[in-house]
file input26.json (JSON, C-alpha atoms)
[["chain", "number", "residue", "atom", "x", "y", "z"],
["O", 115, "MET", "CA", 23.63, 147.85, 62.50],
["O", 116, "ILE", "CA", 22.91, 146.21, 59.11],
["O", 117, "ASN", "CA", 26.53, 146.70, 58.01],
["O", 118, "THR", "CA", 27.70, 144.95, 61.20],
["O", 119, "GLU", "CA", 25.29, 142.07, 60.54],
["O", 120, "ILE", "CA", 26.37, 141.83, 56.91],
["O", 121, "SER", "CA", 30.02, 141.90, 57.86],
["O", 122, "HIS", "CA", 29.49, 139.21, 60.52],
["O", 123, "GLN", "CA", 27.53, 136.99, 58.13],
["O", 124, "SER", "CA", 30.13, 137.55, 55.42],
["O", 125, "GLU", "CA", 32.95, 136.47, 57.74],
["O", 126, "LYS", "CA", 30.97, 133.39, 58.80],
["O", 127, "ILE", "CA", 30.29, 132.38, 55.18],
["O", 128, "SER", "CA", 33.82, 133.19, 54.01],
["O", 129, "SER", "CA", 35.42, 131.13, 56.77],
["O", 130, "ASP", "CA", 33.59, 128.02, 55.54],
["O", 131, "ARG", "CA", 34.46, 128.41, 51.86],
["O", 132, "VAL", "CA", 37.33, 129.10, 49.52],
["O", 133, "PRO", "CA", 37.66, 132.90, 49.08],
["O", 134, "MET", "CA", 35.71, 134.22, 46.09],
["O", 135, "SER", "CA", 37.77, 136.35, 43.71],
["O", 136, "GLU", "CA", 35.32, 138.90, 42.32],
["O", 137, "ILE", "CA", 32.08, 138.29, 44.17],
["O", 138, "SER", "CA", 32.15, 138.47, 47.94],
["O", 139, "ALA", "CA", 29.59, 137.04, 50.32],
["O", 140, "GLU", "CA", 29.13, 140.58, 51.63],
["O", 141, "ARG", "CA", 28.16, 141.79, 48.13],
["O", 142, "ILE", "CA", 25.62, 138.96, 47.80],
["O", 143, "ILE", "CA", 24.10, 139.69, 51.21],
["O", 144, "LYS", "CA", 23.85, 143.42, 50.41],
["O", 145, "ALA", "CA", 22.08, 142.54, 47.15],
["O", 146, "LEU", "CA", 19.61, 140.37, 49.08],
["O", 147, "TYR", "CA", 18.74, 143.29, 51.35],
["O", 148, "ARG", "CA", 17.85, 145.40, 48.30],
["O", 149, "LEU", "CA", 15.35, 142.84, 46.93],
["O", 150, "PRO", "CA", 11.66, 142.77, 47.79],
["O", 151, "SER", "CA", 10.97, 140.11, 50.41],
["O", 152, "GLU", "CA", 8.65, 138.12, 48.10],
["O", 153, "TYR", "CA", 11.72, 137.10, 46.04],
["O", 154, "LEU", "CA", 13.57, 135.60, 49.00],
["O", 155, "PRO", "CA", 11.84, 132.17, 48.99],
["O", 156, "HIS", "CA", 12.78, 131.74, 45.32],
["O", 157, "ILE", "CA", 16.36, 132.77, 45.99],
["O", 158, "LEU", "CA", 16.66, 130.43, 48.96],
["O", 159, "GLN", "CA", 15.28, 127.56, 46.90],
["O", 160, "TYR", "CA", 17.82, 128.22, 44.15],
["O", 161, "ILE", "CA", 20.67, 128.39, 46.67],
["O", 162, "GLU", "CA", 19.55, 125.05, 48.18],
["O", 163, "PHE", "CA", 19.39, 123.56, 44.70],
["O", 164, "LEU", "CA", 22.92, 124.79, 43.92],
["O", 165, "GLU", "CA", 24.14, 123.39, 47.23],
["O", 166, "TYR", "CA", 22.68, 120.00, 46.27],
["O", 167, "LYS", "CA", 24.06, 120.21, 42.73],
["O", 168, "PHE", "CA", 27.61, 120.99, 43.82],
["O", 169, "THR", "CA", 27.62, 118.65, 46.82],
["O", 170, "TYR", "CA", 26.56, 115.54, 44.94],
["O", 171, "THR", "CA", 27.74, 114.24, 41.59],
["O", 172, "SER", "CA", 24.98, 113.07, 39.32],
["O", 173, "SER", "CA", 25.45, 110.01, 37.13],
["O", 174, "ASP", "CA", 22.55, 111.09, 34.88],
["O", 175, "PRO", "CA", 23.18, 114.36, 33.01],
["O", 176, "PHE", "CA", 19.45, 115.16, 32.95],
["O", 177, "GLU", "CA", 18.89, 114.52, 36.66],
["O", 178, "ASP", "CA", 19.87, 118.02, 37.81],
["O", 179, "GLU", "CA", 17.62, 119.60, 35.22],
["O", 180, "ALA", "CA", 14.70, 117.39, 36.23],
["O", 181, "LEU", "CA", 15.20, 118.16, 39.91],
["O", 182, "TRP", "CA", 15.39, 121.90, 39.21],
["O", 183, "ASP", "CA", 12.18, 121.65, 37.18],
["O", 184, "ALA", "CA", 10.56, 119.91, 40.14],
["O", 185, "ALA", "CA", 11.82, 122.60, 42.52],
["O", 186, "GLN", "CA", 10.37, 125.30, 40.25],
["O", 187, "ALA", "CA", 7.09, 123.40, 40.07],
["O", 188, "GLU", "CA", 6.98, 123.46, 43.87],
["O", 189, "MET", "CA", 7.28, 127.25, 43.86],
["O", 190, "VAL", "CA", 4.46, 127.52, 41.30],
["O", 191, "ARG", "CA", 2.34, 125.25, 43.48],
["O", 192, "LYS", "CA", 2.93, 127.48, 46.50],
["O", 193, "ASP", "CA", 2.22, 130.66, 44.52],
["O", 194, "MET", "CA", -0.95, 129.43, 42.76],
["O", 195, "ASN", "CA", -2.33, 127.17, 45.51],
["O", 196, "PRO", "CA", -4.05, 124.59, 43.24],
["O", 197, "ARG", "CA", -6.11, 121.76, 44.72],
["O", 198, "THR", "CA", -3.67, 119.04, 43.72],
["O", 199, "VAL", "CA", -0.15, 119.00, 42.30],
["O", 200, "GLN", "CA", 2.14, 116.01, 42.23],
["O", 201, "MET", "CA", 5.70, 116.36, 41.05],
["O", 202, "TRP", "CA", 6.92, 113.34, 39.16],
["O", 203, "ILE", "CA", 10.34, 112.90, 37.60],
["O", 204, "PHE", "CA", 11.12, 110.53, 34.77],
["O", 205, "ALA", "CA", 14.68, 109.33, 35.45],
["O", 206, "HIS", "CA", 15.66, 106.91, 32.70],
["O", 207, "ASN", "CA", 18.14, 104.95, 34.85],
["O", 208, "GLY", "CA", 16.64, 105.80, 38.23],
["O", 209, "LEU", "CA", 17.93, 108.33, 40.75],
["O", 210, "THR", "CA", 21.26, 108.51, 42.53],
["O", 211, "SER", "CA", 21.10, 108.07, 46.29],
["O", 212, "PRO", "CA", 21.39, 111.84, 47.03],
["O", 213, "ALA", "CA", 18.75, 112.65, 44.41],
["O", 214, "LEU", "CA", 16.47, 109.99, 45.88],
["O", 215, "ASP", "CA", 16.89, 111.58, 49.33],
["O", 216, "PHE", "CA", 16.08, 115.01, 47.81],
["O", 217, "ALA", "CA", 12.99, 113.63, 46.05],
["O", 218, "GLU", "CA", 11.73, 111.90, 49.20],
["O", 219, "LYS", "CA", 12.33, 115.04, 51.31],
["O", 220, "HIS", "CA", 10.26, 117.13, 48.89],
["O", 221, "GLY", "CA", 7.52, 114.55, 48.14],
["O", 222, "ILE", "CA", 8.62, 114.10, 44.52],
["O", 223, "LEU", "CA", 7.57, 110.86, 42.81],
["O", 224, "TRP", "CA", 9.81, 109.34, 40.18],
["O", 225, "SER", "CA", 9.87, 106.48, 37.71],
["O", 226, "SER", "CA", 12.66, 104.76, 35.88],
["O", 227, "ARG", "CA", 12.34, 103.86, 32.21],
["O", 228, "LYS", "CA", 11.18, 100.33, 33.06],
["O", 229, "GLU", "CA", 8.50, 101.55, 35.47],
["O", 230, "PHE", "CA", 7.32, 104.24, 33.07],
["O", 231, "ASP", "CA", 6.99, 101.71, 30.24],
["O", 232, "GLU", "CA", 5.00, 99.40, 32.53],
["O", 233, "LEU", "CA", 2.64, 102.26, 33.35],
["O", 234, "LEU", "CA", 2.19, 103.08, 29.67],
["O", 235, "VAL", "CA", 1.35, 99.45, 28.86],
["O", 236, "HIS", "CA", -1.05, 99.31, 31.82],
["O", 237, "LEU", "CA", -2.86, 102.36, 30.39],
["O", 238, "GLY", "CA", -3.10, 100.71, 26.98],
["O", 239, "LEU", "CA", -0.38, 102.84, 25.43],
["O", 240, "ARG", "CA", 2.81, 101.75, 23.72],
["O", 241, "PRO", "CA", 6.14, 101.86, 25.62],
["O", 242, "LEU", "CA", 8.69, 104.54, 24.85],
["O", 243, "PRO", "CA", 10.82, 103.89, 21.76],
["O", 244, "GLU", "CA", 14.42, 102.78, 22.21],
["O", 245, "ILE", "CA", 16.83, 105.61, 21.51]]
call {"tool": "encode", "arguments": {"input": "input26.json", "output": "structure tokens"}}
result
Amino acid sequence: MINTEISHQSEKISSDRVPMSEISAERIIKALYRLPSEYLPHILQYIEFLEYKFTYTSSDPFEDEALWDAAQAEMVRKDMNPRTVQMWIFAHNGLTSPALDFAEKHGILWSSRKEFDELLVHLGLRPLPEI
């Protein structure tokens, strides 16, 4: 039964994508079945992140890294269940439209360089140095 399900899922995935040379969707699905179930939320999150990363082109080279850090922070929040956690990304030039949609969907706050400097001044601190 599992082999039939794996084969069916593999065909469904393969029909939507360019064929993979060395790693098949069936091999990935079989590997997922071997993992303990507590790893699956982390794997799904990483797959969703990769889908975002390869679907949208980022104009800021650090944007993907910042969004992945935020996604990992969300998993830590779920695992540790603290009273309050707020993800906040510093995006020097702001976020691209797809990244903004991602941030809004996941409740992630963000500030551009200008906004961050204004906050620092408001708190009585000096703005970030020009690099």
call {"tool": "atom_distance", "arguments": {"input": "input26.json", "atom1": "CA of Ala180 (chain O)", "atom2": "CA of Phe204 (chain O)"}}
result
7.9 Å
call {"tool": "residues_around", "arguments": {"input": "input26.json", "residues": "region 181-191 of chain O", "least_positions_apart": "3", "cutoff": "9 Å", "atoms": "all atoms listed in the file", "output": "ChimeraX atom specification"}}
result
/O:155-156,159-160,163,176-178,194-196,198-199,201-203,213,216-217,220,222
call {"tool": "closest_atom_pairs", "arguments": {"input": "input26.json", "of": "region 178-223 of chain O", "to": "region 229-242 of chain O", "cutoff": "10 Å", "atoms": "all atoms listed in the file", "output": "Markdown table"}}
result
| residue | atom | partner | partner_atom | distance |
| --- | --- | --- | --- | --- |
| O:Phe204 | CA | O:Phe230 | CA | 7.5 |
| O:Ala205 | CA | O:Phe230 | CA | 9.3 |
| O:His206 | CA | O:Phe230 | CA | 8.8 |
| O:Gly208 | CA | O:Glu229 | CA | 9.6 |
call {"tool": "build_atoms", "arguments": {"input": "input26.json", "residues": "region 178-189 of chain O", "atoms": "N, CA and C atoms", "output": "compact mmCIF listing (two decimals), in the coordinates of the input"}}
result
# COMPACT_ATOMS: atom_id res chain seq x y z
N ASP O 178 19.88 116.68 37.22
CA ASP O 178 19.87 118.02 37.81
C ASP O 178 18.78 118.88 37.21
N GLU O 179 18.64 118.81 35.89
CA GLU O 179 17.62 119.60 35.22
C GLU O 179 16.22 119.18 35.67
N ALA O 180 16.01 117.89 35.79
CA ALA O 180 14.70 117.39 36.23
C ALA O 180 14.40 117.82 37.66
N LEU O 181 15.42 117.76 38.53
CA LEU O 181 15.20 118.16 39.91
C LEU O 181 14.95 119.66 40.01
N TRP O 182 15.64 120.46 39.20
CA TRP O 182 15.39 121.90 39.21
C TRP O 182 13.99 122.19 38.70
N ASP O 183 13.54 121.48 37.67
CA ASP O 183 12.18 121.65 37.18
C ASP O 183 11.17 121.34 38.28
N ALA O 184 11.46 120.29 39.04
CA ALA O 184 10.56 119.91 40.14
C ALA O 184 10.58 120.98 41.23
N ALA O 185 11.73 121.54 41.51
CA ALA O 185 11.82 122.60 42.52
C ALA O 185 11.04 123.82 42.06
N GLN O 186 11.14 124.17 40.78
CA GLN O 186 10.37 125.30 40.25
C GLN O 186 8.87 125.01 40.30
N ALA O 187 8.50 123.79 40.01
CA ALA O 187 7.09 123.40 40.07
C ALA O 187 6.55 123.57 41.49
N GLU O 188 7.39 123.28 42.48
CA GLU O 188 6.98 123.46 43.87
C GLU O 188 6.69 124.93 44.17
N MET O 189 7.51 125.83 43.65
CA MET O 189 7.28 127.25 43.86
C MET O 189 5.98 127.70 43.18
